[in-house]
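Next comes work18.tsv, with TSV, C-alpha atoms (C1' of nucleotides).
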chain	number	residue	atom	x	y	z
A	1344	MET	CA	-17.69	-20.96	-5.22
A	1345	SER	CA	-21.16	-21.22	-6.70
A	1346	VAL	CA	-22.06	-17.66	-7.47
A	1347	ASP	CA	-23.50	-16.24	-10.64
A	1348	VAL	CA	-20.39	-14.58	-12.00
A	1349	ASP	CA	-22.29	-12.09	-14.14
A	1350	GLU	CA	-24.42	-11.01	-11.23
A	1351	LEU	CA	-21.25	-10.68	-9.22
A	1352	HIS	CA	-19.63	-8.42	-11.77
A	1353	ASP	CA	-22.82	-6.40	-11.87
A	1354	GLY	CA	-22.53	-5.88	-8.16
A	1355	VAL	CA	-18.93	-4.80	-8.54
A	1356	VAL	CA	-19.86	-2.41	-11.32
A	1357	ARG	CA	-22.60	-0.86	-9.19
A	1358	ARG	CA	-20.28	-0.33	-6.27
A	1359	LEU	CA	-17.56	1.15	-8.42
A	1360	ALA	CA	-19.99	3.39	-10.27
A	1361	GLY	CA	-21.37	4.59	-6.97
A	1362	ALA	CA	-17.90	5.94	-6.24
A	1363	GLY	CA	-17.31	7.32	-9.70
A	1364	ARG	CA	-15.00	4.45	-10.63
A	1365	ARG	CA	-15.07	2.15	-13.60
A	1366	HIS	CA	-14.96	-1.61	-13.81
A	1367	THR	CA	-11.97	-1.82	-16.13
A	1368	SER	CA	-9.95	-4.36	-17.99
A	1369	GLY	CA	-7.54	-4.22	-15.12
A	1370	ARG	CA	-10.09	-4.99	-12.43
A	1371	ARG	CA	-12.17	-7.67	-14.05
A	1372	PRO	CA	-9.31	-10.18	-14.10
A	1373	VAL	CA	-8.66	-9.46	-10.44
A	1374	VAL	CA	-12.25	-10.22	-9.54
A	1375	ALA	CA	-12.12	-13.30	-11.75
A	1376	ALA	CA	-9.00	-14.51	-9.97
A	1377	LEU	CA	-10.68	-13.99	-6.61
A	1378	VAL	CA	-13.60	-16.09	-7.80
A	1379	SER	CA	-11.38	-18.91	-8.96
A	1380	ALA	CA	-9.27	-18.79	-5.80
A	1381	ASP	CA	-10.54	-21.14	-3.15
A	1382	GLY	CA	-10.98	-18.83	-0.18
A	1383	PRO	CA	-8.95	-15.77	0.79
A	1384	ALA	CA	-5.99	-15.31	-1.54
A	1385	THR	CA	-2.73	-13.40	-1.30
A	1386	ILE	CA	-1.58	-11.01	-3.99
A	1387	SER	CA	1.09	-13.39	-5.19
A	1388	GLU	CA	-1.45	-16.19	-5.44
A	1389	LEU	CA	-3.61	-13.96	-7.61
A	1390	VAL	CA	-0.70	-13.02	-9.82
A	1391	ASP	CA	0.13	-16.70	-10.17
A	1392	LEU	CA	-3.45	-17.47	-11.13
A	1393	ASP	CA	-3.31	-14.91	-13.92
A	1394	VAL	CA	0.17	-14.15	-15.18
A	1395	GLN	CA	-1.15	-11.20	-17.16
A	1396	LEU	CA	-1.70	-9.29	-13.94
A	1397	ALA	CA	0.80	-6.62	-12.96
A	1398	GLN	CA	1.57	-6.76	-9.28
A	1399	SER	CA	1.33	-3.03	-8.73
A	1400	SER	CA	-2.03	-2.91	-10.45
A	1401	VAL	CA	-3.35	-5.77	-8.39
A	1402	TYR	CA	-2.41	-3.94	-5.24
A	1403	ARG	CA	-4.00	-0.75	-6.45
A	1404	ASN	CA	-7.14	-2.40	-7.71
A	1405	LEU	CA	-7.64	-4.45	-4.60
A	1406	ALA	CA	-7.37	-1.26	-2.61
A	1407	VAL	CA	-10.03	0.35	-4.79
A	1408	LEU	CA	-12.26	-2.68	-4.65
A	1409	GLU	CA	-11.92	-2.78	-0.90
A	1410	GLU	CA	-12.74	0.90	-0.74
A	1411	VAL	CA	-16.04	0.40	-2.52
A	1412	GLY	CA	-16.82	-2.67	-0.46
A	1413	ALA	CA	-16.41	-5.29	-3.16
A	1414	VAL	CA	-13.59	-7.18	-1.48
A	1415	THR	CA	-12.49	-7.67	2.08
A	1416	ARG	CA	-9.04	-7.72	3.55
A	1417	VAL	CA	-8.18	-10.75	5.66
A	1418	VAL	CA	-5.16	-10.85	7.91
A	1419	ALA	CA	-3.87	-14.27	8.75
A	1420	HIS	CA	-0.79	-15.41	10.62
A	1421	ASP	CA	1.74	-15.50	7.89
A	1422	ASP	CA	2.64	-11.92	7.26
A	1423	ARG	CA	0.74	-11.61	4.01
A	1424	VAL	CA	-2.54	-9.91	3.51
A	1425	ARG	CA	-5.26	-11.89	1.82
A	1426	PHE	CA	-8.33	-10.70	-0.02
A	1427	GLU	CA	-11.70	-12.25	-0.68
A	1428	LEU	CA	-14.91	-11.14	-2.31
A	1429	ALA	CA	-17.26	-9.33	0.05
A	1430	GLU	CA	-20.12	-11.35	1.50
A	1431	ALA	CA	-22.57	-8.80	0.13
A	1432	LEU	CA	-21.55	-9.97	-3.32
A	1433	THR	CA	-21.14	-13.68	-2.79
A	1434	HIS	CA	-24.16	-14.08	-0.50
A	1435	HIS	CA	-22.06	-16.57	1.36
A	1436	PRO	CA	-21.70	-15.58	5.02
A	1437	HIS	CA	-18.80	-17.24	6.73
A	1438	HIS	CA	-16.00	-16.93	9.24
A	1439	HIS	CA	-12.36	-17.89	9.02
A	1440	LEU	CA	-10.23	-20.69	10.35
A	1441	ILE	CA	-6.61	-19.65	10.37
A	1442	CYS	CA	-3.80	-22.13	10.69
A	1443	GLY	CA	-1.50	-20.68	13.31
A	1444	ASN	CA	1.34	-22.66	11.86
A	1445	CYS	CA	1.40	-22.13	8.12
A	1446	GLY	CA	-1.07	-19.29	7.79
A	1447	VAL	CA	-3.56	-20.99	5.52
A	1448	VAL	CA	-7.04	-19.59	5.85
A	1449	GLY	CA	-10.19	-21.64	5.46
A	1450	ASP	CA	-13.84	-20.68	5.62
A	1451	PHE	CA	-16.58	-22.08	7.82
A	1452	GLU	CA	-20.12	-21.30	8.82
A	1453	LEU	CA	-21.60	-21.44	12.29
A	1454	ALA	CA	-24.86	-23.24	12.89
A	1455	ALA	CA	-27.66	-20.72	13.29
A	1456	ASP	CA	-28.10	-21.34	17.01
A	1457	ALA	CA	-24.39	-21.11	17.73
A	1458	GLU	CA	-24.20	-17.99	15.63
A	1459	SER	CA	-26.97	-16.22	17.51
A	1460	ALA	CA	-25.64	-17.35	20.87
A	1461	LEU	CA	-22.30	-15.97	19.91
A	1462	ARG	CA	-23.77	-12.70	18.75
A	1463	GLY	CA	-25.50	-12.31	22.09
A	1464	ALA	CA	-22.32	-12.95	24.00
A	1465	LEU	CA	-20.35	-10.56	21.85
A	1466	ALA	CA	-22.92	-7.82	22.10
A	1467	ARG	CA	-22.53	-8.03	25.86
A	1468	ILE	CA	-18.79	-7.84	25.52
A	1469	GLY	CA	-19.00	-4.88	23.22
A	1470	ARG	CA	-20.96	-3.06	25.88
A	1471	SER	CA	-18.48	-3.81	28.65
A	1472	THR	CA	-15.44	-2.80	26.65
A	1473	ARG	CA	-14.59	0.22	24.62
A	1474	PHE	CA	-15.08	-1.67	21.37
A	1475	ARG	CA	-18.03	-1.62	19.06
A	1476	MET	CA	-18.42	-5.21	18.01
A	1477	ASP	CA	-19.75	-5.70	14.56
A	1478	LEU	CA	-19.12	-9.41	14.29
A	1479	ARG	CA	-18.43	-8.83	10.67
A	1480	ARG	CA	-15.88	-11.43	11.09
A	1481	LEU	CA	-14.71	-14.06	13.47
A	1482	ASP	CA	-11.19	-15.31	12.99
A	1483	LEU	CA	-10.33	-18.51	14.77
A	1484	LEU	CA	-6.94	-20.01	15.25
A	1485	GLY	CA	-6.40	-23.69	14.80
A	1486	THR	CA	-4.09	-26.03	13.00
A	1487	CYS	CA	-4.80	-27.13	9.47
A	1488	ALA	CA	-4.79	-30.71	8.31
A	1489	ALA	CA	-1.49	-30.30	6.47
A	1490	CYS	CA	0.42	-29.13	9.54
A	1491	PRO	CA	1.78	-31.36	12.31
B	1448	MET	CA	-1.37	-6.77	34.79
B	1449	SER	CA	-1.44	-8.18	38.31
B	1450	VAL	CA	0.99	-11.05	38.17
B	1451	ASP	CA	3.76	-11.91	40.54
B	1452	VAL	CA	6.69	-10.77	38.45
B	1453	ASP	CA	9.19	-13.02	40.19
B	1454	GLU	CA	7.00	-16.05	39.66
B	1455	LEU	CA	6.64	-15.03	36.06
B	1456	HIS	CA	10.38	-14.84	35.54
B	1457	ASP	CA	10.69	-18.21	37.21
B	1458	GLY	CA	8.32	-19.62	34.64
B	1459	VAL	CA	10.32	-18.07	31.86
B	1460	VAL	CA	13.54	-19.46	33.30
B	1461	ARG	CA	12.03	-22.94	33.52
B	1462	ARG	CA	10.87	-22.87	29.93
B	1463	LEU	CA	14.15	-21.58	28.65
B	1464	ALA	CA	16.14	-24.08	30.69
B	1465	GLY	CA	13.96	-26.85	29.36
B	1466	ALA	CA	15.25	-25.97	25.91
B	1467	GLY	CA	18.85	-25.47	26.97
B	1468	ARG	CA	18.52	-21.70	26.84
B	1469	ARG	CA	19.38	-19.11	29.42
B	1470	HIS	CA	17.38	-16.26	30.84
B	1471	THR	CA	19.87	-13.51	30.11
B	1472	SER	CA	20.35	-9.84	30.63
B	1473	GLY	CA	19.02	-9.39	27.13
B	1474	ARG	CA	15.80	-11.27	27.70
B	1475	ARG	CA	14.79	-10.09	31.13
B	1476	PRO	CA	14.22	-6.50	29.98
B	1477	VAL	CA	12.10	-7.82	27.12
B	1478	VAL	CA	9.89	-9.75	29.50
B	1479	ALA	CA	9.76	-6.73	31.77
B	1480	ALA	CA	8.66	-4.53	28.88
B	1481	LEU	CA	5.94	-7.03	28.00
B	1482	VAL	CA	4.72	-6.90	31.59
B	1483	SER	CA	4.57	-3.14	31.63
B	1484	ALA	CA	2.92	-2.97	28.23
B	1485	ASP	CA	-0.84	-2.91	28.47
B	1486	GLY	CA	-1.82	-5.79	26.22
B	1487	PRO	CA	-0.13	-7.08	23.08
B	1488	ALA	CA	2.79	-4.85	22.10
B	1489	THR	CA	4.73	-4.32	18.89
B	1490	ILE	CA	8.51	-4.46	18.76
B	1491	SER	CA	8.81	-0.73	18.35
B	1492	GLU	CA	6.57	-0.18	21.36
B	1493	LEU	CA	8.83	-2.42	23.39
B	1494	VAL	CA	11.92	-0.60	22.20
B	1495	ASP	CA	10.27	2.69	23.12
B	1496	LEU	CA	9.46	1.38	26.58
B	1497	ASP	CA	13.08	0.50	27.18
B	1498	VAL	CA	15.53	2.50	25.10
B	1499	GLN	CA	18.35	0.20	26.18
B	1500	LEU	CA	16.91	-2.56	24.01
B	1501	ALA	CA	18.56	-3.26	20.69
B	1502	GLN	CA	15.95	-3.86	18.04
B	1503	SER	CA	17.63	-6.88	16.53
B	1504	SER	CA	17.99	-8.48	19.93
B	1505	VAL	CA	14.36	-7.89	20.74
B	1506	TYR	CA	13.35	-9.66	17.56
B	1507	ARG	CA	15.66	-12.55	18.26
B	1508	ASN	CA	14.69	-12.88	21.89
B	1509	LEU	CA	11.00	-12.72	21.20
B	1510	ALA	CA	11.47	-15.51	18.69
B	1511	VAL	CA	13.26	-17.57	21.32
B	1512	LEU	CA	10.69	-16.80	23.97
B	1513	GLU	CA	7.93	-17.75	21.58
B	1514	GLU	CA	9.73	-20.95	20.77
B	1515	VAL	CA	9.77	-22.01	24.40
B	1516	GLY	CA	6.18	-20.94	24.89
B	1517	ALA	CA	6.77	-17.93	27.09
B	1518	VAL	CA	5.26	-15.39	24.73
B	1519	THR	CA	2.62	-15.52	22.03
B	1520	ARG	CA	2.55	-13.84	18.68
B	1521	VAL	CA	-0.58	-11.84	17.93
B	1522	VAL	CA	-1.42	-10.73	14.43
B	1523	ALA	CA	-3.67	-7.73	14.19
B	1524	HIS	CA	-4.81	-5.69	11.23
B	1525	ASP	CA	-2.04	-3.20	10.97
B	1526	ASP	CA	0.92	-4.91	9.44
B	1527	ARG	CA	2.89	-5.23	12.65
B	1528	VAL	CA	3.23	-8.30	14.74
B	1529	ARG	CA	2.49	-7.98	18.40
B	1530	PHE	CA	3.65	-10.09	21.30
B	1531	GLU	CA	2.22	-10.83	24.69
B	1532	LEU	CA	3.13	-13.06	27.60
B	1533	ALA	CA	1.74	-16.56	27.30
B	1534	GLU	CA	-1.40	-17.32	29.30
B	1535	ALA	CA	0.39	-20.21	30.96
B	1536	LEU	CA	2.58	-17.62	32.64
B	1537	THR	CA	0.12	-14.86	33.36
B	1538	HIS	CA	-2.74	-17.15	34.40
B	1539	HIS	CA	-4.96	-14.66	32.68
B	1540	PRO	CA	-7.00	-16.37	29.95
B	1541	HIS	CA	-8.40	-13.97	27.41
B	1542	HIS	CA	-9.25	-13.35	23.80
B	1543	HIS	CA	-8.60	-10.38	21.56
B	1544	LEU	CA	-10.62	-7.55	20.18
B	1545	ILE	CA	-8.94	-6.13	17.14
B	1546	CYS	CA	-9.82	-2.76	15.72
B	1547	GLY	CA	-10.20	-3.34	12.01
B	1548	ASN	CA	-9.47	0.29	11.40
B	1549	CYS	CA	-6.37	1.25	13.35
B	1550	GLY	CA	-5.16	-2.18	14.40
B	1551	VAL	CA	-5.23	-1.67	18.13
B	1552	VAL	CA	-5.65	-4.88	20.06
B	1553	GLY	CA	-7.57	-5.16	23.30
B	1554	ASP	CA	-8.16	-8.12	25.59
B	1555	PHE	CA	-11.43	-9.49	26.86
B	1556	GLU	CA	-12.78	-12.52	28.65
B	1557	LEU	CA	-15.86	-14.50	27.82
B	1558	ALA	CA	-18.35	-15.37	30.52
B	1559	ALA	CA	-17.96	-19.03	31.48
B	1560	ASP	CA	-21.23	-20.10	29.91
B	1561	ALA	CA	-20.54	-18.31	26.65
B	1562	GLU	CA	-17.05	-19.72	26.62
B	1563	SER	CA	-18.21	-23.31	27.01
B	1564	ALA	CA	-21.00	-22.87	24.48
B	1565	LEU	CA	-18.47	-21.53	22.07
B	1566	ARG	CA	-16.11	-24.38	22.70
B	1567	GLY	CA	-18.85	-26.83	21.94
B	1568	ALA	CA	-19.72	-25.13	18.69
B	1569	LEU	CA	-16.10	-24.95	17.65
B	1570	ALA	CA	-15.45	-28.57	18.46
B	1571	ARG	CA	-18.24	-29.45	16.09
B	1572	ILE	CA	-16.80	-27.22	13.43
B	1573	GLY	CA	-13.38	-28.73	13.88
B	1574	ARG	CA	-14.86	-32.14	13.17
B	1575	SER	CA	-16.61	-31.03	9.99
B	1576	THR	CA	-13.62	-29.21	8.53
B	1577	ARG	CA	-10.04	-30.15	8.02
B	1578	PHE	CA	-8.92	-27.98	10.89
B	1579	ARG	CA	-8.08	-29.05	14.38
B	1580	MET	CA	-9.57	-26.33	16.54
B	1581	ASP	CA	-7.70	-25.61	19.71
B	1582	LEU	CA	-9.47	-22.42	20.64
B	1583	ARG	CA	-6.18	-21.21	21.93
B	1584	ARG	CA	-7.29	-17.91	20.74
B	1585	LEU	CA	-10.29	-16.10	19.46
B	1586	ASP	CA	-9.66	-12.91	17.55
B	1587	LEU	CA	-12.66	-10.70	16.99
B	1588	LEU	CA	-12.88	-7.75	14.71
B	1589	GLY	CA	-14.59	-4.61	15.83
B	1590	THR	CA	-13.97	-0.92	15.91
B	1591	CYS	CA	-12.24	0.67	18.85
B	1592	ALA	CA	-13.55	3.67	20.73
B	1593	ALA	CA	-10.96	5.98	19.20
B	1594	CYS	CA	-11.93	5.22	15.61
B	1595	PRO	CA	-14.92	6.67	13.74
C	46	DC	C1'	41.76	-20.73	33.93
C	47	DG	C1'	40.30	-22.56	29.12
C	48	DA	C1'	37.17	-24.52	25.78
C	49	DG	C1'	32.85	-24.53	23.72
C	50	DT	C1'	28.37	-22.67	23.19
C	51	DA	C1'	24.75	-19.32	23.75
C	52	DT	C1'	24.09	-14.37	23.18
C	53	DC	C1'	24.75	-9.81	21.90
C	54	DG	C1'	24.42	-5.63	18.94
C	55	DA	C1'	24.96	-3.03	14.72
C	56	DG	C1'	24.35	-3.01	10.08
C	57	DA	C1'	23.25	-5.37	5.72
C	58	DA	C1'	19.90	-7.94	3.27
C	59	DT	C1'	14.97	-9.48	2.42
C	60	DC	C1'	10.62	-9.01	0.79
C	61	DG	C1'	5.81	-7.63	0.95
C	62	DA	C1'	3.39	-3.40	0.23
C	63	DT	C1'	3.11	1.32	-1.43
C	64	DC	C1'	4.22	5.20	-4.21
C	65	DT	C1'	5.79	7.73	-8.49
C	66	DC	C1'	5.20	9.06	-13.04
C	67	DG	C1'	4.77	9.12	-17.86
C	68	DA	C1'	1.81	6.52	-21.13
C	69	DT	C1'	-3.09	4.79	-22.11
C	70	DC	C1'	-7.88	4.30	-22.05
C	71	DG	C1'	-12.76	5.66	-22.12
C	72	DA	C1'	-16.92	8.64	-21.62
C	73	DG	C1'	-18.86	12.91	-23.35
C	74	DG	C1'	-18.93	17.08	-25.86
C	75	DG	C1'	-18.48	19.28	-30.27
D	116	DC	C1'	-15.10	10.92	-35.74
D	117	DC	C1'	-11.89	13.94	-33.11
D	118	DC	C1'	-10.57	16.14	-28.74
D	119	DT	C1'	-10.26	16.79	-23.80
D	120	DC	C1'	-9.70	15.41	-19.16
D	121	DG	C1'	-9.80	12.53	-15.48
D	122	DA	C1'	-9.38	7.59	-14.30
D	123	DT	C1'	-6.18	3.77	-15.01
D	124	DC	C1'	-2.21	1.29	-16.25
D	125	DG	C1'	2.39	-0.87	-15.64
D	126	DA	C1'	7.24	-0.89	-14.55
D	127	DG	C1'	10.33	0.40	-11.37
D	128	DA	C1'	11.75	3.03	-7.30
D	129	DT	C1'	10.98	3.34	-2.46
D	130	DC	C1'	9.47	2.26	2.20
D	131	DG	C1'	9.43	-0.23	6.36
D	132	DA	C1'	9.07	-4.26	9.15
D	133	DT	C1'	11.47	-8.36	9.88
D	134	DT	C1'	15.34	-11.39	9.34
D	135	DC	C1'	20.05	-12.53	8.64
D	136	DT	C1'	25.19	-12.00	9.10
D	137	DC	C1'	29.17	-11.86	11.72
D	138	DG	C1'	32.69	-10.57	14.83
D	139	DA	C1'	32.73	-9.58	19.82
D	140	DT	C1'	31.06	-11.09	24.63
D	141	DA	C1'	29.23	-13.58	28.44
D	142	DC	C1'	28.31	-18.04	30.81
D	143	DT	C1'	28.71	-22.88	32.17
D	144	DC	C1'	31.38	-26.67	33.09
D	145	DG	C1'	35.38	-29.33	33.62
This entry written out as structure tokens:
Amino acid sequence: MSVDVDELHDGVVRRLAGAGRRHTSGRRPVVAALVSADGPATISELVDLDVQLAQSSVYRNLAVLEEVGAVTRVVAHDDRVRFELAEALTHHPHHHLICGNCGVVGDFELAADAESALRGALARIGRSTRFRMDLRRLDLLGTCAACP
Amino acid sequence: MSVDVDELHDGVVRRLAGAGRRHTSGRRPVVAALVSADGPATISELVDLDVQLAQSSVYRNLAVLEEVGAVTRVVAHDDRVRFELAEALTHHPHHHLICGNCGVVGDFELAADAESALRGALARIGRSTRFRMDLRRLDLLGTCAACP
DNA sequence: CGAGTATCGAGAATCGATCTCGATCGAGGG
DNA sequence: CCCTCGATCGAGATCGATTCTCGATACTCG
């Protein structure tokens, strides 16, 4: 993760302020843990990364941060929810590779041409179905290197 | 769902037999409920569809059916797991559109050209990451017609 | 028919996620 | 600097989906 951490916190502060919320001593460590985590992290992973964190507060703060658009919720295939910093803050557009076996989630980027081709195809699909496609995210299932 | 139900049960029987399991009076209704469900269904939806079903048995049987490859587990964005009949049985290849808001899951198919283009792109990605991409499934996030 | 194994169903046990509630913290006003 | 009031905090209770336990049944095969 090669993002200017101060700039990132600034972004978080702005979003929170815009909703009348504060960037508190309870939320900063959560954001910090998300930065240090390599990719989408579960609550328990975050608590492990920073033992000071109270589980209930992490849940609450992640909910708030998600509400103001600072973090994004990622659902994988093990029944735990994962969170990651929003692309708007990290400036790092990406999609997810989910291991259908163990649930690990990895990030990847599509080449520009593949990305635009995909967007075109999906826009067509969105029109033919009752869904509005935003292509905010593309979750792909595969098998990670650690699984058989 | 326009599949020959008898042929479908035959497929289920074959898969179960191949693993030394039986297609019992407890599993048939589950498969039947999956057929009548329109798309991936949650356990409670299945139980609602057939009040005779015992919840614990549905869980167990779906696990068995998944084990032998007769059904597939689908993870959406509401915290419930959904199940659907495996493509190998329905002969109906498709991907999923997941409403990021309410969690509803819909099916869709990609046009052949888009599908192959996508496969190519993903194969490349699989090589550059530590994931083995199988493109068994493509889950897309969008917003369904019923959500704001 | 009898043995041995796969299943069944109801209820208990798990465990991640959410909610409750009294104690704190922080920005502004006085 | 003190006070007020809403935003937050943290620990523990609660919720709800999923899984496990276990005695009772249903089949298959000899």
| field | Pairwise distance for atom CA of Arg1370 of chain A and atom C1' of DT123 of chain D, rounded to one decimal in Å | value |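 Computing it gives 9.9 Å between the two atoms.
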Both chains have the same sequence, so match all Cα atoms in order, fit chain A onto chain B by least squares, and return it as a compact mmCIF listing (two decimals) with C-alpha atoms, in the frame of the given file.
# COMPACT_ATOMS: atom_id res chain seq x y z
CA MET A 1344 -1.35 -6.70 34.80
CA SER A 1345 -1.43 -8.12 38.31
CA VAL A 1346 0.99 -10.98 38.16
CA ASP A 1347 3.78 -11.82 40.54
CA VAL A 1348 6.71 -10.68 38.45
CA ASP A 1349 9.22 -12.91 40.20
CA GLU A 1350 7.05 -15.95 39.72
CA LEU A 1351 6.69 -14.95 36.11
CA HIS A 1352 10.42 -14.75 35.58
CA ASP A 1353 10.75 -18.10 37.28
CA GLY A 1354 8.37 -19.54 34.75
CA VAL A 1355 10.37 -18.02 31.93
CA VAL A 1356 13.59 -19.38 33.37
CA ARG A 1357 12.10 -22.87 33.62
CA ARG A 1358 10.93 -22.82 30.05
CA LEU A 1359 14.23 -21.53 28.75
CA ALA A 1360 16.22 -24.00 30.82
CA GLY A 1361 14.05 -26.81 29.52
CA ALA A 1362 15.34 -25.92 26.06
CA GLY A 1363 18.92 -25.41 27.13
CA ARG A 1364 18.60 -21.63 26.97
CA ARG A 1365 19.43 -19.02 29.54
CA HIS A 1366 17.39 -16.16 30.91
CA THR A 1367 19.88 -13.43 30.11
CA SER A 1368 20.36 -9.75 30.58
CA GLY A 1369 19.02 -9.35 27.10
CA ARG A 1370 15.80 -11.23 27.71
CA ARG A 1371 14.79 -10.01 31.12
CA PRO A 1372 14.19 -6.45 29.92
CA VAL A 1373 12.08 -7.80 27.08
CA VAL A 1374 9.88 -9.72 29.48
CA ALA A 1375 9.74 -6.68 31.74
CA ALA A 1376 8.62 -4.51 28.84
CA LEU A 1377 5.92 -7.03 27.97
CA VAL A 1378 4.69 -6.88 31.55
CA SER A 1379 4.54 -3.11 31.57
CA ALA A 1380 2.88 -2.98 28.15
CA ASP A 1381 -0.87 -2.93 28.40
CA GLY A 1382 -1.85 -5.86 26.20
CA PRO A 1383 -0.15 -7.17 23.06
CA ALA A 1384 2.75 -4.93 22.06
CA THR A 1385 4.68 -4.42 18.84
CA ILE A 1386 8.45 -4.55 18.69
CA SER A 1387 8.73 -0.81 18.25
CA GLU A 1388 6.49 -0.24 21.26
CA LEU A 1389 8.79 -2.44 23.31
CA VAL A 1390 11.87 -0.62 22.11
CA ASP A 1391 10.19 2.66 22.99
CA LEU A 1392 9.38 1.37 26.46
CA ASP A 1393 13.03 0.54 27.06
CA VAL A 1394 15.46 2.51 24.94
CA GLN A 1395 18.30 0.24 26.02
CA LEU A 1396 16.87 -2.54 23.90
CA ALA A 1397 18.47 -3.29 20.55
CA GLN A 1398 15.86 -3.95 17.91
CA SER A 1399 17.60 -6.97 16.46
CA SER A 1400 17.95 -8.52 19.89
CA VAL A 1401 14.32 -7.94 20.68
CA TYR A 1402 13.34 -9.74 17.53
CA ARG A 1403 15.66 -12.61 18.28
CA ASN A 1404 14.69 -12.90 21.90
CA LEU A 1405 11.00 -12.75 21.21
CA ALA A 1406 11.49 -15.56 18.74
CA VAL A 1407 13.28 -17.61 21.39
CA LEU A 1408 10.71 -16.81 24.02
CA GLU A 1409 7.95 -17.79 21.65
CA GLU A 1410 9.78 -21.00 20.87
CA VAL A 1411 9.83 -22.04 24.50
CA GLY A 1412 6.23 -20.98 24.98
CA ALA A 1413 6.81 -17.94 27.15
CA VAL A 1414 5.27 -15.42 24.77
CA THR A 1415 2.65 -15.59 22.08
CA ARG A 1416 2.55 -13.96 18.71
CA VAL A 1417 -0.57 -11.95 17.93
CA VAL A 1418 -1.41 -10.81 14.44
CA ALA A 1419 -3.69 -7.83 14.21
CA HIS A 1420 -4.84 -5.77 11.26
CA ASP A 1421 -2.10 -3.26 10.99
CA ASP A 1422 0.76 -5.09 9.43
CA ARG A 1423 2.81 -5.38 12.59
CA VAL A 1424 3.22 -8.43 14.70
CA ARG A 1425 2.49 -8.08 18.38
CA PHE A 1426 3.66 -10.18 21.28
CA GLU A 1427 2.22 -10.88 24.70
CA LEU A 1428 3.15 -13.08 27.61
CA ALA A 1429 1.76 -16.60 27.35
CA GLU A 1430 -1.38 -17.36 29.34
CA ALA A 1431 0.43 -20.23 31.04
CA LEU A 1432 2.62 -17.61 32.69
CA THR A 1433 0.14 -14.86 33.39
CA HIS A 1434 -2.71 -17.16 34.44
CA HIS A 1435 -4.95 -14.71 32.70
CA PRO A 1436 -6.99 -16.43 29.98
CA HIS A 1437 -8.39 -14.05 27.44
CA HIS A 1438 -9.25 -13.42 23.82
CA HIS A 1439 -8.57 -10.45 21.60
CA LEU A 1440 -10.59 -7.58 20.25
CA ILE A 1441 -8.91 -6.14 17.20
CA CYS A 1442 -9.79 -2.76 15.81
CA GLY A 1443 -10.20 -3.29 12.10
CA ASN A 1444 -9.45 0.34 11.53
CA CYS A 1445 -6.32 1.25 13.45
CA GLY A 1446 -5.12 -2.19 14.46
CA VAL A 1447 -5.18 -1.71 18.20
CA VAL A 1448 -5.63 -4.94 20.09
CA GLY A 1449 -7.49 -5.23 23.36
CA ASP A 1450 -8.13 -8.19 25.63
CA PHE A 1451 -11.42 -9.57 26.88
CA GLU A 1452 -12.76 -12.61 28.64
CA LEU A 1453 -15.88 -14.56 27.79
CA ALA A 1454 -18.36 -15.44 30.48
CA ALA A 1455 -18.00 -19.08 31.43
CA ASP A 1456 -21.28 -20.14 29.84
CA ALA A 1457 -20.57 -18.31 26.60
CA GLU A 1458 -17.09 -19.75 26.57
CA SER A 1459 -18.27 -23.33 26.91
CA ALA A 1460 -21.06 -22.83 24.40
CA LEU A 1461 -18.52 -21.48 22.00
CA ARG A 1462 -16.15 -24.35 22.59
CA GLY A 1463 -18.93 -26.79 21.81
CA ALA A 1464 -19.79 -25.04 18.59
CA LEU A 1465 -16.17 -24.86 17.53
CA ALA A 1466 -15.50 -28.48 18.32
CA ARG A 1467 -18.31 -29.35 15.94
CA ILE A 1468 -16.83 -27.11 13.31
CA GLY A 1469 -13.42 -28.61 13.75
CA ARG A 1470 -14.91 -32.00 13.02
CA SER A 1471 -16.68 -30.88 9.86
CA THR A 1472 -13.68 -29.10 8.41
CA ARG A 1473 -10.12 -30.09 7.89
CA PHE A 1474 -8.96 -27.94 10.78
CA ARG A 1475 -8.08 -28.99 14.27
CA MET A 1476 -9.55 -26.28 16.43
CA ASP A 1477 -7.66 -25.58 19.57
CA LEU A 1478 -9.48 -22.42 20.57
CA ARG A 1479 -6.22 -21.22 21.93
CA ARG A 1480 -7.32 -17.94 20.73
CA LEU A 1481 -10.32 -16.12 19.42
CA ASP A 1482 -9.65 -12.93 17.54
CA LEU A 1483 -12.63 -10.69 17.01
CA LEU A 1484 -12.87 -7.71 14.76
CA GLY A 1485 -14.56 -4.58 15.92
CA THR A 1486 -13.92 -0.89 16.07
CA CYS A 1487 -12.15 0.66 19.01
CA ALA A 1488 -13.41 3.64 20.94
CA ALA A 1489 -10.80 5.95 19.41
CA CYS A 1490 -11.83 5.24 15.82
CA PRO A 1491 -14.82 6.75 14.01
| request: Would you mind listing what lies within 12 Å of DA58 of chain C as a PyMOL selection string, with only C-alpha atoms (C1' of nucleotides) counted and same-chain residues fewer than 5 positions away left out? | output: chain D and resi 133-136
| task | Kindly provide, as a VMD selection string, the residues of chain B having any atom no farther than 10 Å from an atom of chain D, counting only C-alpha atoms (C1' of nucleotides). | result | chain B and resid 1469 1471 to 1472 1490 to 1491 1503 1506 to 1507 1526 to 1528
| task | Kindly determine which residues of chain B lie within 7 Å of chain A, considering all atoms listed in the file, and give the answer as a VMD selection string. | result | chain B and resid 1522 1524 1561 1568 1577 to 1592
| atom CA of Ala1535 of chain B and atom CA of Pro1476 of chain B, how far apart in Å? |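 Separation of atom CA of Pro1476 of chain B and atom CA of Ala1535 of chain B: 19.5 Å.
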| remark: A straight line from atom CA of Leu1428 of chain A to atom CA of Ala1570 of chain B spans 27.1 Å
